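Containing TSV, C-alpha atoms and all ligand atoms: coords32.tsv.
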```tsv
chain	number	residue	atom	x	y	z
A	1	GLN	CA	20.37	-15.17	-5.44
A	2	TYR	CA	18.03	-16.84	-7.99
A	3	PHE	CA	14.24	-17.09	-8.00
A	4	ASN	CA	12.04	-19.14	-10.31
A	5	ILE	CA	8.46	-18.42	-11.35
A	6	GLY	CA	7.18	-20.75	-14.04
A	7	ASP	CA	9.71	-20.72	-16.88
A	8	PHE	CA	11.44	-17.61	-15.69
A	9	GLU	CA	14.55	-17.50	-13.61
A	10	PHE	CA	15.49	-14.24	-11.94
A	11	GLU	CA	18.81	-13.22	-10.56
A	12	VAL	CA	18.89	-10.46	-7.99
A	13	TRP	CA	21.72	-8.54	-6.44
A	14	SER	CA	22.68	-9.16	-2.89
A	15	PRO	CA	21.19	-6.40	-0.75
A	16	CYS	CA	22.71	-4.83	2.29
A	17	PHE	CA	20.42	-5.71	5.19
A	18	CYS	CA	19.65	-2.93	7.62
A	19	ILE	CA	17.39	-4.82	9.98
A	20	SER	CA	16.98	-8.56	9.96
A	21	ALA	CA	13.66	-10.37	10.13
A	22	ALA	CA	15.02	-12.05	13.26
A	23	GLU	CA	15.03	-8.62	14.92
A	24	VAL	CA	11.34	-7.99	14.23
A	25	ASN	CA	9.14	-8.52	17.24
A	26	TRP	CA	6.25	-10.32	15.54
A	27	ASP	CA	4.05	-9.65	18.59
A	28	GLU	CA	4.31	-5.92	18.16
A	29	LEU	CA	3.53	-5.48	14.49
A	30	GLY	CA	1.13	-2.67	13.68
A	31	PHE	CA	0.55	-1.06	10.32
A	32	ASN	CA	3.93	0.65	10.19
A	33	LEU	CA	6.55	0.41	7.47
A	34	VAL	CA	9.20	-2.24	8.10
A	35	THR	CA	11.35	-2.23	4.99
A	36	THR	CA	12.34	-5.59	3.55
A	37	ASP	CA	15.09	-6.85	1.23
A	38	TYR	CA	13.74	-6.57	-2.29
A	39	MET	CA	11.31	-4.64	-4.45
A	40	TYR	CA	10.09	-5.43	-7.93
A	41	VAL	CA	10.43	-2.85	-10.72
A	42	MET	CA	9.18	-2.89	-14.31
A	43	LYS	CA	9.17	0.07	-16.70
A	44	CYS	CA	7.33	0.82	-19.90
A	45	ALA	CA	7.22	3.70	-22.38
A	46	LYS	CA	3.89	5.34	-23.25
A	47	GLY	CA	2.24	3.38	-26.06
A	48	ASP	CA	4.24	0.21	-25.26
A	49	LYS	CA	3.38	-2.85	-23.20
A	50	PHE	CA	5.09	-3.84	-19.97
A	51	SER	CA	7.45	-6.71	-20.76
A	52	GLU	CA	10.26	-7.48	-18.34
A	53	GLY	CA	10.78	-6.49	-14.74
A	54	SER	CA	13.34	-7.35	-12.10
A	55	LEU	CA	13.86	-7.67	-8.40
A	56	LEU	CA	16.13	-5.01	-6.97
A	57	PRO	CA	17.35	-4.37	-3.45
A	58	TYR	CA	14.73	-2.29	-1.66
A	59	GLY	CA	15.73	1.37	-1.81
A	60	ASN	CA	15.00	4.84	-3.11
A	61	ILE	CA	14.14	5.31	-6.74
A	62	GLU	CA	15.33	8.13	-8.93
A	63	ILE	CA	12.51	10.16	-10.40
A	64	SER	CA	12.34	13.24	-12.62
A	65	PRO	CA	11.07	16.40	-10.90
A	66	CYS	CA	8.83	16.75	-13.98
A	67	SER	CA	7.31	13.26	-13.68
A	68	GLY	CA	3.59	12.74	-14.23
A	69	ILE	CA	3.14	11.35	-10.71
A	70	LEU	CA	4.86	14.25	-8.91
A	71	ASN	CA	3.17	17.00	-10.91
A	72	TYR	CA	-0.24	15.71	-11.89
A	73	GLY	CA	-0.87	12.74	-9.59
A	74	GLN	CA	-0.88	10.18	-12.40
A	75	GLY	CA	-0.70	7.10	-10.23
A	76	ILE	CA	-2.66	4.25	-8.70
A	77	PHE	CA	-1.84	1.61	-6.12
A	78	GLU	CA	-2.98	-1.75	-4.83
A	79	GLY	CA	-2.77	-3.56	-1.52
A	80	LEU	CA	-2.74	-7.30	-0.90
A	81	LYS	CA	-1.39	-9.70	1.69
A	82	ALA	CA	0.65	-12.89	1.87
A	83	HIS	CA	-0.17	-15.16	4.83
A	84	ARG	CA	1.83	-17.98	6.35
A	85	THR	CA	-0.02	-21.26	6.90
A	86	GLU	CA	0.38	-23.69	9.77
A	87	ASP	CA	2.58	-25.96	7.64
A	88	GLY	CA	4.80	-23.06	6.57
A	89	ARG	CA	3.39	-22.42	3.07
A	90	ILE	CA	2.69	-18.87	1.92
A	91	LEU	CA	-0.71	-17.96	0.46
A	92	LEU	CA	-1.88	-14.92	-1.49
A	93	PHE	CA	-5.55	-14.00	-1.42
A	94	ARG	CA	-7.21	-13.37	-4.82
A	95	PRO	CA	-4.20	-11.57	-6.34
A	96	ASP	CA	-5.82	-11.71	-9.80
A	97	GLU	CA	-8.56	-9.40	-8.48
A	98	ASN	CA	-5.91	-6.82	-7.58
A	99	GLY	CA	-4.38	-7.19	-11.03
A	100	LEU	CA	-7.79	-6.62	-12.65
A	101	ARG	CA	-8.55	-3.62	-10.46
A	102	MET	CA	-5.17	-2.13	-11.33
A	103	LYS	CA	-5.97	-2.52	-15.04
A	104	ARG	CA	-9.31	-0.74	-14.63
A	105	GLY	CA	-7.67	2.07	-12.66
A	106	ALA	CA	-4.89	2.37	-15.24
A	107	ASP	CA	-7.44	2.80	-18.05
A	108	ARG	CA	-9.15	5.61	-16.13
A	109	MET	CA	-5.80	7.32	-15.45
A	110	CYS	CA	-4.52	6.87	-19.03
A	111	MET	CA	-1.69	4.53	-18.13
A	112	PRO	CA	-0.51	1.23	-19.58
A	113	SER	CA	-0.78	-1.58	-17.04
A	114	PRO	CA	0.82	-4.99	-16.54
A	115	SER	CA	-1.37	-7.91	-17.61
A	116	VAL	CA	-3.05	-9.80	-14.78
A	117	ASP	CA	-0.52	-12.63	-15.24
A	118	GLN	CA	2.40	-10.22	-15.12
A	119	PHE	CA	0.91	-8.64	-12.01
A	120	VAL	CA	0.43	-11.96	-10.20
A	121	ASN	CA	3.89	-13.25	-11.18
A	122	ALA	CA	5.51	-10.04	-9.99
A	123	VAL	CA	3.67	-10.31	-6.67
A	124	LYS	CA	4.80	-13.93	-6.27
A	125	LEU	CA	8.41	-13.01	-7.03
A	126	THR	CA	8.31	-10.20	-4.51
A	127	VAL	CA	6.95	-12.51	-1.84
A	128	LEU	CA	9.51	-15.23	-2.59
A	129	ALA	CA	12.38	-12.77	-2.46
A	130	ASN	CA	11.11	-11.43	0.88
A	131	LYS	CA	9.75	-14.66	2.32
A	132	ARG	CA	11.68	-14.36	5.59
A	133	TRP	CA	9.54	-11.27	6.28
A	134	VAL	CA	6.23	-13.16	6.17
A	135	PRO	CA	5.18	-13.32	9.85
A	136	PRO	CA	4.40	-16.67	11.50
A	137	LEU	CA	0.74	-17.78	11.43
A	138	GLY	CA	-1.36	-15.66	13.76
A	139	LYS	CA	1.16	-12.82	14.03
A	140	GLY	CA	0.25	-10.82	10.93
A	141	SER	CA	0.97	-10.90	7.23
A	142	LEU	CA	3.25	-9.50	4.55
A	143	TYR	CA	1.46	-6.49	3.05
A	144	LEU	CA	2.33	-5.92	-0.61
A	145	ARG	CA	1.98	-2.50	-2.15
A	146	PRO	CA	1.99	-2.49	-5.96
A	147	LEU	CA	2.28	1.01	-7.47
A	148	LEU	CA	1.74	2.12	-11.05
A	149	ILE	CA	3.02	5.64	-11.62
A	150	GLY	CA	3.83	8.01	-14.45
A	151	THR	CA	7.59	8.48	-14.03
A	152	GLY	CA	8.46	10.08	-17.38
A	153	PRO	CA	9.04	13.86	-17.54
A	154	LEU	CA	6.64	16.40	-19.03
A	155	LEU	CA	5.51	19.97	-18.48
A	156	GLY	CA	2.08	20.33	-20.09
A	157	LEU	CA	-0.95	18.45	-18.80
A	158	ALA	CA	-0.79	15.07	-20.55
A	159	PRO	CA	-0.09	11.40	-19.86
A	160	ALA	CA	3.57	10.84	-18.89
A	161	PRO	CA	5.97	9.44	-21.53
A	162	GLU	CA	7.13	6.58	-19.22
A	163	TYR	CA	5.57	4.42	-16.48
A	164	THR	CA	6.91	2.40	-13.57
A	165	PHE	CA	5.22	-0.58	-11.97
A	166	LEU	CA	6.78	-1.24	-8.58
A	167	ILE	CA	6.01	-3.55	-5.67
A	168	TYR	CA	7.39	-3.13	-2.19
A	169	CYS	CA	6.24	-4.87	0.95
A	170	SER	CA	6.20	-4.73	4.72
A	171	PRO	CA	5.24	-7.17	7.47
A	172	VAL	CA	2.10	-5.82	9.19
A	173	GLY	CA	-0.23	-6.55	12.07
A	174	SER	CA	-3.56	-4.84	12.79
A	175	TYR	CA	-4.46	-1.61	11.04
A	176	HIS	CA	-6.74	-0.38	13.81
A	177	LYS	CA	-6.37	-0.91	17.53
A	178	GLY	CA	-9.73	-2.37	18.53
A	179	ALA	CA	-13.26	-1.51	17.38
A	180	LEU	CA	-13.78	1.85	15.68
A	181	ASN	CA	-15.39	5.04	16.85
A	182	LEU	CA	-16.32	6.78	13.63
A	183	LYS	CA	-17.10	10.43	13.09
A	184	VAL	CA	-19.39	11.15	10.16
A	185	GLU	CA	-17.77	13.92	8.13
A	186	ASP	CA	-20.42	16.27	6.77
A	187	LYS	CA	-18.29	19.01	5.22
A	188	LEU	CA	-15.47	17.31	3.33
A	189	TYR	CA	-15.98	14.56	0.79
A	190	ARG	CA	-13.77	11.66	-0.22
A	191	ALA	CA	-14.86	11.52	-3.85
A	192	ILE	CA	-17.47	13.13	-6.08
A	193	SER	CA	-20.64	11.08	-6.32
A	194	GLY	CA	-21.55	9.05	-9.37
A	195	SER	CA	-19.69	7.36	-12.17
A	196	GLY	CA	-17.70	10.35	-13.49
A	197	GLY	CA	-15.14	10.65	-10.70
A	198	THR	CA	-12.30	8.47	-9.47
A	199	GLY	CA	-13.72	7.22	-6.16
A	200	GLY	CA	-14.07	3.74	-7.65
A	201	ILE	CA	-10.38	3.31	-8.48
A	202	LYS	CA	-7.33	3.28	-6.23
A	203	SER	CA	-5.99	6.55	-7.53
A	204	VAL	CA	-3.33	8.08	-5.28
A	205	THR	CA	-5.34	11.30	-5.51
A	206	ASN	CA	-8.17	9.80	-3.44
A	207	TYR	CA	-6.14	9.43	-0.27
A	208	ALA	CA	-4.33	12.61	0.85
A	209	PRO	CA	-7.61	14.62	0.72
A	210	VAL	CA	-8.92	12.60	3.70
A	211	TYR	CA	-6.10	13.69	6.03
A	212	THR	CA	-7.73	16.93	7.19
A	213	ALA	CA	-10.86	15.10	8.26
A	214	ILE	CA	-8.94	12.27	9.98
A	215	ILE	CA	-6.66	14.61	11.90
A	216	ASP	CA	-9.64	16.62	13.08
A	217	ALA	CA	-11.58	13.47	14.06
A	218	LYS	CA	-8.59	12.00	15.94
A	219	ALA	CA	-8.07	15.27	17.80
A	220	ASN	CA	-11.64	14.85	19.03
A	221	GLY	CA	-11.17	11.27	20.23
A	222	PHE	CA	-12.48	9.38	17.18
A	223	SER	CA	-10.54	6.61	15.48
A	224	ASP	CA	-11.58	7.24	11.86
A	225	VAL	CA	-13.93	9.16	9.59
A	226	LEU	CA	-16.99	8.03	7.65
A	227	PHE	CA	-17.65	9.94	4.43
A	228	LEU	CA	-21.04	10.80	2.91
A	229	ASP	CA	-22.10	11.13	-0.73
A	230	SER	CA	-21.18	14.53	-2.11
A	231	ALA	CA	-24.45	14.99	-4.05
A	232	THR	CA	-26.95	14.92	-1.14
A	233	GLY	CA	-24.95	14.29	2.04
A	234	LYS	CA	-27.63	11.76	3.05
A	235	TYR	CA	-25.97	8.44	2.25
A	236	ILE	CA	-22.92	6.77	3.74
A	237	GLU	CA	-20.04	5.92	1.40
A	238	GLU	CA	-16.88	4.58	3.03
A	239	ALA	CA	-14.40	5.25	5.81
A	240	SER	CA	-10.97	6.68	4.97
A	241	ALA	CA	-9.37	3.32	4.15
A	242	CYS	CA	-12.17	0.76	4.09
A	243	ASN	CA	-15.69	-0.16	2.96
A	244	VAL	CA	-18.57	-0.22	5.43
A	245	PHE	CA	-21.50	-2.55	6.16
A	246	VAL	CA	-24.55	-2.17	8.44
A	247	VAL	CA	-26.48	-5.09	9.91
A	248	LYS	CA	-30.18	-5.16	10.85
A	249	GLY	CA	-31.57	-8.54	11.85
A	250	ASN	CA	-30.51	-11.06	9.23
A	251	THR	CA	-29.83	-8.44	6.57
A	252	ILE	CA	-26.49	-6.89	5.80
A	253	SER	CA	-26.36	-3.74	3.64
A	254	THR	CA	-23.42	-1.99	2.05
A	255	PRO	CA	-23.24	0.99	-0.32
A	256	SER	CA	-23.48	-0.17	-3.93
A	257	LEU	CA	-20.61	0.27	-6.38
A	258	ASP	CA	-21.86	3.38	-8.17
A	259	GLY	CA	-18.44	4.63	-9.26
A	260	THR	CA	-17.76	6.44	-6.00
A	261	ILE	CA	-17.20	3.44	-3.76
A	262	LEU	CA	-13.94	1.50	-3.96
A	263	PRO	CA	-14.66	-2.06	-5.19
A	264	GLY	CA	-12.89	-3.69	-2.26
A	265	ILE	CA	-11.72	-7.27	-2.71
A	266	THR	CA	-12.37	-7.92	0.98
A	267	ARG	CA	-15.81	-6.27	0.50
A	268	LYS	CA	-16.59	-8.61	-2.41
A	269	SER	CA	-15.33	-11.68	-0.52
A	270	ILE	CA	-17.24	-10.83	2.66
A	271	ILE	CA	-20.46	-10.48	0.66
A	272	GLU	CA	-19.98	-14.04	-0.64
A	273	VAL	CA	-18.98	-15.41	2.77
A	274	ALA	CA	-22.04	-13.81	4.40
A	275	ILE	CA	-24.41	-15.18	1.74
A	276	ASP	CA	-22.88	-18.65	2.20
A	277	LEU	CA	-23.48	-18.34	5.95
A	278	GLY	CA	-27.19	-17.69	5.26
A	279	TYR	CA	-27.40	-13.90	5.51
A	280	GLN	CA	-29.20	-11.66	3.07
A	281	VAL	CA	-26.80	-9.10	1.61
A	282	MET	CA	-27.99	-5.95	-0.14
A	283	GLU	CA	-25.79	-3.59	-2.17
A	284	ARG	CA	-27.71	-0.33	-2.26
A	285	ALA	CA	-27.75	3.25	-1.02
A	286	VAL	CA	-27.60	3.23	2.80
A	287	SER	CA	-28.86	6.39	4.50
A	288	VAL	CA	-27.39	7.97	7.62
A	289	GLU	CA	-30.80	7.47	9.36
A	290	GLU	CA	-30.71	3.77	8.61
A	291	MET	CA	-27.16	3.44	9.88
A	292	LEU	CA	-28.15	5.14	13.13
A	293	VAL	CA	-30.75	2.43	13.88
A	294	ALA	CA	-28.67	-0.59	12.75
A	295	ASP	CA	-27.79	-3.37	15.23
A	296	GLU	CA	-24.22	-3.72	14.12
A	297	MET	CA	-21.77	-2.03	11.82
A	298	PHE	CA	-18.38	-3.14	10.51
A	299	CYS	CA	-15.79	-2.22	7.95
A	300	THR	CA	-13.70	-4.25	5.53
A	301	GLY	CA	-10.49	-3.74	3.60
A	302	THR	CA	-7.20	-5.45	2.85
A	303	ALA	CA	-5.35	-3.54	5.55
A	304	VAL	CA	-8.32	-3.44	7.94
A	305	VAL	CA	-9.54	-7.04	7.25
A	306	VAL	CA	-12.95	-6.97	9.03
A	307	ASN	CA	-13.35	-4.74	12.05
A	308	SER	CA	-16.35	-3.86	14.21
A	309	VAL	CA	-17.55	-0.31	14.54
A	310	ALA	CA	-18.25	0.43	18.21
A	311	SER	CA	-19.93	3.79	17.62
A	312	VAL	CA	-20.78	6.37	15.01
A	313	SER	CA	-21.28	10.07	15.72
A	314	TYR	CA	-23.26	12.23	13.33
A	315	LYS	CA	-23.67	15.88	14.36
A	316	GLU	CA	-25.09	15.64	17.92
A	317	THR	CA	-26.16	11.98	17.71
A	318	THR	CA	-24.04	8.99	18.72
A	319	ARG	CA	-25.09	5.41	18.06
A	320	ASP	CA	-23.37	2.53	19.89
A	321	TYR	CA	-23.23	-0.88	18.24
A	322	LYS	CA	-22.71	-4.43	19.38
A	323	THR	CA	-19.01	-5.44	19.48
A	324	GLY	CA	-17.07	-8.49	20.68
A	325	PRO	CA	-16.73	-12.17	19.80
A	326	GLU	CA	-20.49	-12.77	19.35
A	327	THR	CA	-20.90	-10.24	16.54
A	328	LEU	CA	-21.46	-11.08	12.91
A	329	SER	CA	-18.34	-9.12	12.10
A	330	ALA	CA	-16.25	-11.41	14.34
A	331	LYS	CA	-17.79	-14.47	12.66
A	332	LEU	CA	-17.10	-13.11	9.17
A	333	ARG	CA	-13.56	-12.13	10.09
A	334	LYS	CA	-12.84	-15.57	11.50
A	335	THR	CA	-14.10	-17.25	8.33
A	336	LEU	CA	-12.20	-14.93	6.00
A	337	VAL	CA	-8.92	-15.13	7.91
A	338	GLY	CA	-9.38	-18.91	8.19
A	339	ILE	CA	-9.51	-19.15	4.39
A	340	GLN	CA	-6.65	-16.68	3.90
A	341	THR	CA	-4.35	-18.61	6.23
A	342	GLY	CA	-5.28	-22.10	5.02
A	343	CYS	CA	-6.95	-22.99	8.35
A	344	LEU	CA	-10.37	-23.36	6.65
A	345	GLU	CA	-11.10	-25.15	3.40
A	346	ASP	CA	-10.80	-22.79	0.42
A	347	LYS	CA	-13.89	-23.99	-1.47
A	348	LYS	CA	-13.79	-21.09	-3.93
A	349	SER	CA	-10.09	-21.37	-4.85
A	350	TRP	CA	-9.43	-17.84	-3.65
A	351	THR	CA	-5.95	-18.56	-2.32
A	352	VAL	CA	-2.84	-18.93	-4.45
A	353	THR	CA	0.25	-20.71	-3.13
A	354	VAL	CA	3.47	-18.78	-3.71
B	401	LIG	C1	-5.65	-1.35	1.76
B	401	LIG	O1	-6.48	-1.76	2.56
B	401	LIG	O2	-4.90	-2.15	1.16
B	401	LIG	C2	-5.54	0.05	1.42
B	401	LIG	O3	-5.10	0.35	0.35
B	401	LIG	C3	-5.85	1.10	2.40
B	401	LIG	C4	-4.65	1.92	2.70
B	401	LIG	C5	-5.03	3.33	2.90
B	401	LIG	C6	-3.89	1.37	3.86
```
The structure given in the file should be rewritten as structure tokens.
Amino acid sequence: QYFNIGDFEFEVWSPCFCISAAEVNWDELGFNLVTTDYMYVMKCAKGDKFSEGSLLPYGNIEISPCSGILNYGQGIFEGLKAHRTEDGRILLFRPDENGLRMKRGADRMCMPSPSVDQFVNAVKLTVLANKRWVPPLGKGSLYLRPLLIGTGPLLGLAPAPEYTFLIYCSPVGSYHKGALNLKVEDKLYRAISGSGGTGGIKSVTNYAPVYTAIIDAKANGFSDVLFLDSATGKYIEEASACNVFVVKGNTISTPSLDGTILPGITRKSIIEVAIDLGYQVMERAVSVEEMLVADEMFCTGTAVVVNSVASVSYKETTRDYKTGPETLSAKLRKTLVGIQTGCLEDKKSWTVTV
């Protein structure tokens, strides 16, 4: 099979299909892995630049037991979605922002990274090769997971001698089932506060450390965990996989990007959408006390999109918030998804046709 992006023509091998897109029940998609036909792979030696990648049948990769990623966690990832429009086109949402964020993360983790153009082209190729897996409008999206990992072998603590940029994808539906009941975690932290840590990049090392808190919260009937700043324990930071916002009157507040908070692309887009809709948006430190008297709370993320928080529990206190179709969060979600799926005019040129 051949695929064209700009001047480039790619030939890919014919994969062996395990499950066909026709067998996927689009009405039952959650956020579970449904493997597709192809993945994109590009390699680069330390000190070199990424140059040429290729589409390969989706499958396992061979990796040295001494690789930088397996031993020292030298790796970052991204997440973005492809949506189907009413007239059958496929749109990406701000893929250049993911490419830029990957570059910033790569610098922090001492890795070479693909250029933003290489990143976006690779994403487009991956979508084209897997286009039969993009759900129909209204049924979900194709979630793309770009990885950048140190795959070369080494023993001492140092940047790996070789890197792999890889993109795989999966059709997905909702990340959460309904509005969230968050437990504020006051003993474990997601990232160290301030600009010296890695909370502000999508390092793989930021994610597994939240499992203990999530498992404990779920065992106690909560749907997710909200983390606090590690310096004082007084300010909210983010939930395990998404940014958070609180609403009081006409003002929306979200923790500022101080190096600890992940600079979410949905977060950034929702701030602009809310300002355009006439709300005041403040990026600043948001205290637990303030959150507990807010009218509404919601979270944002690529996987999560925009979802209402139904309640937050902090020690012995539980605060219930407004949920349902009349909330600001529902309005923001509708606008964002409308733009992402081509149902609303994309005045800011955020979408990219594949
Ligand atoms: C995303 O929203 O794309 C993320 O990377 C969160 C992930 C933990 C599912």
Surrounding residues of segment 267-271 of chain A excluding itself and chain neighbours under 6 positions, 10 Å, all atoms listed in the file, as a JSON list (two decimals) with C-alpha atoms, in the coordinates of the input:
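Result file follows (selection_30.json):
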```json
[["chain", "number", "residue", "atom", "x", "y", "z"],
["A", 94, "ARG", "CA", -7.21, -13.37, -4.82],
["A", 242, "CYS", "CA", -12.17, 0.76, 4.09],
["A", 243, "ASN", "CA", -15.69, -0.16, 2.96],
["A", 244, "VAL", "CA", -18.57, -0.22, 5.43],
["A", 245, "PHE", "CA", -21.50, -2.55, 6.16],
["A", 252, "ILE", "CA", -26.49, -6.89, 5.80],
["A", 253, "SER", "CA", -26.36, -3.74, 3.64],
["A", 254, "THR", "CA", -23.42, -1.99, 2.05],
["A", 277, "LEU", "CA", -23.48, -18.34, 5.95],
["A", 279, "TYR", "CA", -27.40, -13.90, 5.51],
["A", 280, "GLN", "CA", -29.20, -11.66, 3.07],
["A", 281, "VAL", "CA", -26.80, -9.10, 1.61],
["A", 282, "MET", "CA", -27.99, -5.95, -0.14],
["A", 283, "GLU", "CA", -25.79, -3.59, -2.17],
["A", 299, "CYS", "CA", -15.79, -2.22, 7.95],
["A", 300, "THR", "CA", -13.70, -4.25, 5.53],
["A", 301, "GLY", "CA", -10.49, -3.74, 3.60],
["A", 302, "THR", "CA", -7.20, -5.45, 2.85],
["A", 305, "VAL", "CA", -9.54, -7.04, 7.25],
["A", 306, "VAL", "CA", -12.95, -6.97, 9.03],
["A", 329, "SER", "CA", -18.34, -9.12, 12.10],
["A", 332, "LEU", "CA", -17.10, -13.11, 9.17],
["A", 333, "ARG", "CA", -13.56, -12.13, 10.09],
["A", 335, "THR", "CA", -14.10, -17.25, 8.33],
["A", 336, "LEU", "CA", -12.20, -14.93, 6.00],
["A", 350, "TRP", "CA", -9.43, -17.84, -3.65]]
```
With a distance cut-off of 12 Å and all atoms listed in the file, select the neighbouring residues of Leu328 of chain A, excluding the residue or stretch itself and same-chain residues fewer than 6 positions from it, and output the selection as a compact mmCIF listing (two decimals) with C-alpha atoms, in the coordinates of the input.
```
# COMPACT_ATOMS: atom_id res chain seq x y z
CA PHE A 245 -21.50 -2.55 6.16
CA VAL A 246 -24.55 -2.17 8.44
CA VAL A 247 -26.48 -5.09 9.91
CA LYS A 248 -30.18 -5.16 10.85
CA GLY A 249 -31.57 -8.54 11.85
CA ASN A 250 -30.51 -11.06 9.23
CA THR A 251 -29.83 -8.44 6.57
CA ILE A 252 -26.49 -6.89 5.80
CA ILE A 270 -17.24 -10.83 2.66
CA VAL A 273 -18.98 -15.41 2.77
CA ALA A 274 -22.04 -13.81 4.40
CA LEU A 277 -23.48 -18.34 5.95
CA GLY A 278 -27.19 -17.69 5.26
CA TYR A 279 -27.40 -13.90 5.51
CA ASP A 295 -27.79 -3.37 15.23
CA GLU A 296 -24.22 -3.72 14.12
CA MET A 297 -21.77 -2.03 11.82
CA PHE A 298 -18.38 -3.14 10.51
CA CYS A 299 -15.79 -2.22 7.95
CA VAL A 306 -12.95 -6.97 9.03
CA ASN A 307 -13.35 -4.74 12.05
CA SER A 308 -16.35 -3.86 14.21
CA VAL A 309 -17.55 -0.31 14.54
CA TYR A 321 -23.23 -0.88 18.24
CA LYS A 322 -22.71 -4.43 19.38
CA LYS A 334 -12.84 -15.57 11.50
CA THR A 335 -14.10 -17.25 8.33
```
Seminar exercise, completed: One decimal place gives the atom CA of Lys43 of chain A-atom CA of Pro161 of chain A separation as 11.0 Å
Problem set entry | Residues near segment 63-80 of chain A, cut-off 10 Å, only C-alpha atoms, skip fewer than 6 positions along chain, as a ChimeraX atom specification | /A:92-95,97-99,101-103,105-106,108-111,123,141-167,169,201-206,265-266,301-303
For this session: Name the closest residue to ligand LIG 401 (chain B) among the candidates A:Leu182, A:Leu33, A:Val354, A:Val288; distances are taken between atoms, counting all atoms listed in the file.
Result: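 Using all atoms listed in the file, ligand LIG 401 (chain B) sits closest to A:Leu33.
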Exercise. Need the neighbours of (-3.5, -4.0, 10.0): which residues are at most 6 Å away, counting only C-alpha atoms, as a ChimeraX atom specification?
Worked result: /A:31,172-175,303-304
Just need the box for ligand LIG 401 (chain B), edges along x, y and z, holding every atom the file lists for it with 3 Å tacked onto each side, so centre and edge lengths in Å to one decimal, as lines of an AutoDock Vina configuration file.
```
center_x = -5.2
center_y = 0.6
center_z = 2.1
size_x = 8.6
size_y = 11.5
size_z = 9.5
```
For this session: Go through A:Leu100, A:Val225, A:Ala179, A:Ala285 and flag the residue nearest Ala213 of chain A, using all atoms listed in the file for the distances.
Result: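 With all atoms listed in the file as the atom set, the closest residue is A:Val225.
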Exercise. What residues have an atom no more than 7 Å from (10.6, -2.1, -8.8) in the file's own frame, counting only C-alpha atoms, and can you write them as JSON, numbers by chain?
Worked result: {"A": [39, 40, 41, 42, 54, 55, 56, 165, 166, 167]}
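Atom to atom, atom CA of Leu91 of chain A and atom CA of Thr327 of chain A stand 26.9 Å apart.
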Exercise. Which one is closest to ligand LIG 401 (chain B): A:Thr232, A:Ala310, A:Arg132, A:Asn32? Count only C-alpha atoms and all ligand atoms.
Worked result: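 Residue with the minimum atom-to-atom distance to ligand LIG 401 (chain B): A:Asn32.
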Exercise. Pick from A:Ser240, A:Ser51, A:Ser230, A:Thr317: nearest to Gly197 of chain A, with all atoms listed in the file counted?
Worked result: A:Ser230
Exercise. So, counting all atoms listed in the file, which residue among A:Pro136, A:Gly30, A:Pro114, A:Gly338 is closest to ligand LIG 401 (chain B)?
Worked result: A:Gly30
Exercise. Any idea what the distance is between atom CA of Arg89 of chain A and atom CA of Cys343 of chain A?
Worked result: 11.6 Å
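Among the candidates A:Leu262, A:Ala191, A:Val116, A:Val286, the residue lying nearest to ligand LIG 401 (chain B) is A:Leu262 (atoms considered: all atoms listed in the file).
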For this session: Using only C-alpha atoms, determine which residues lie at most 7 Å from Val184 of chain A, disregarding the query and same-chain residues fewer than 3 positions distant; provide the list as an MDAnalysis selection string.
Result: chainID A and resid 225:227 312:314
Exercise. What's the 8 Å shell around Trp133 of chain A, counting only C-alpha atoms, without same-chain residues fewer than 3 positions away, as a count of residues only?
Worked result: 6
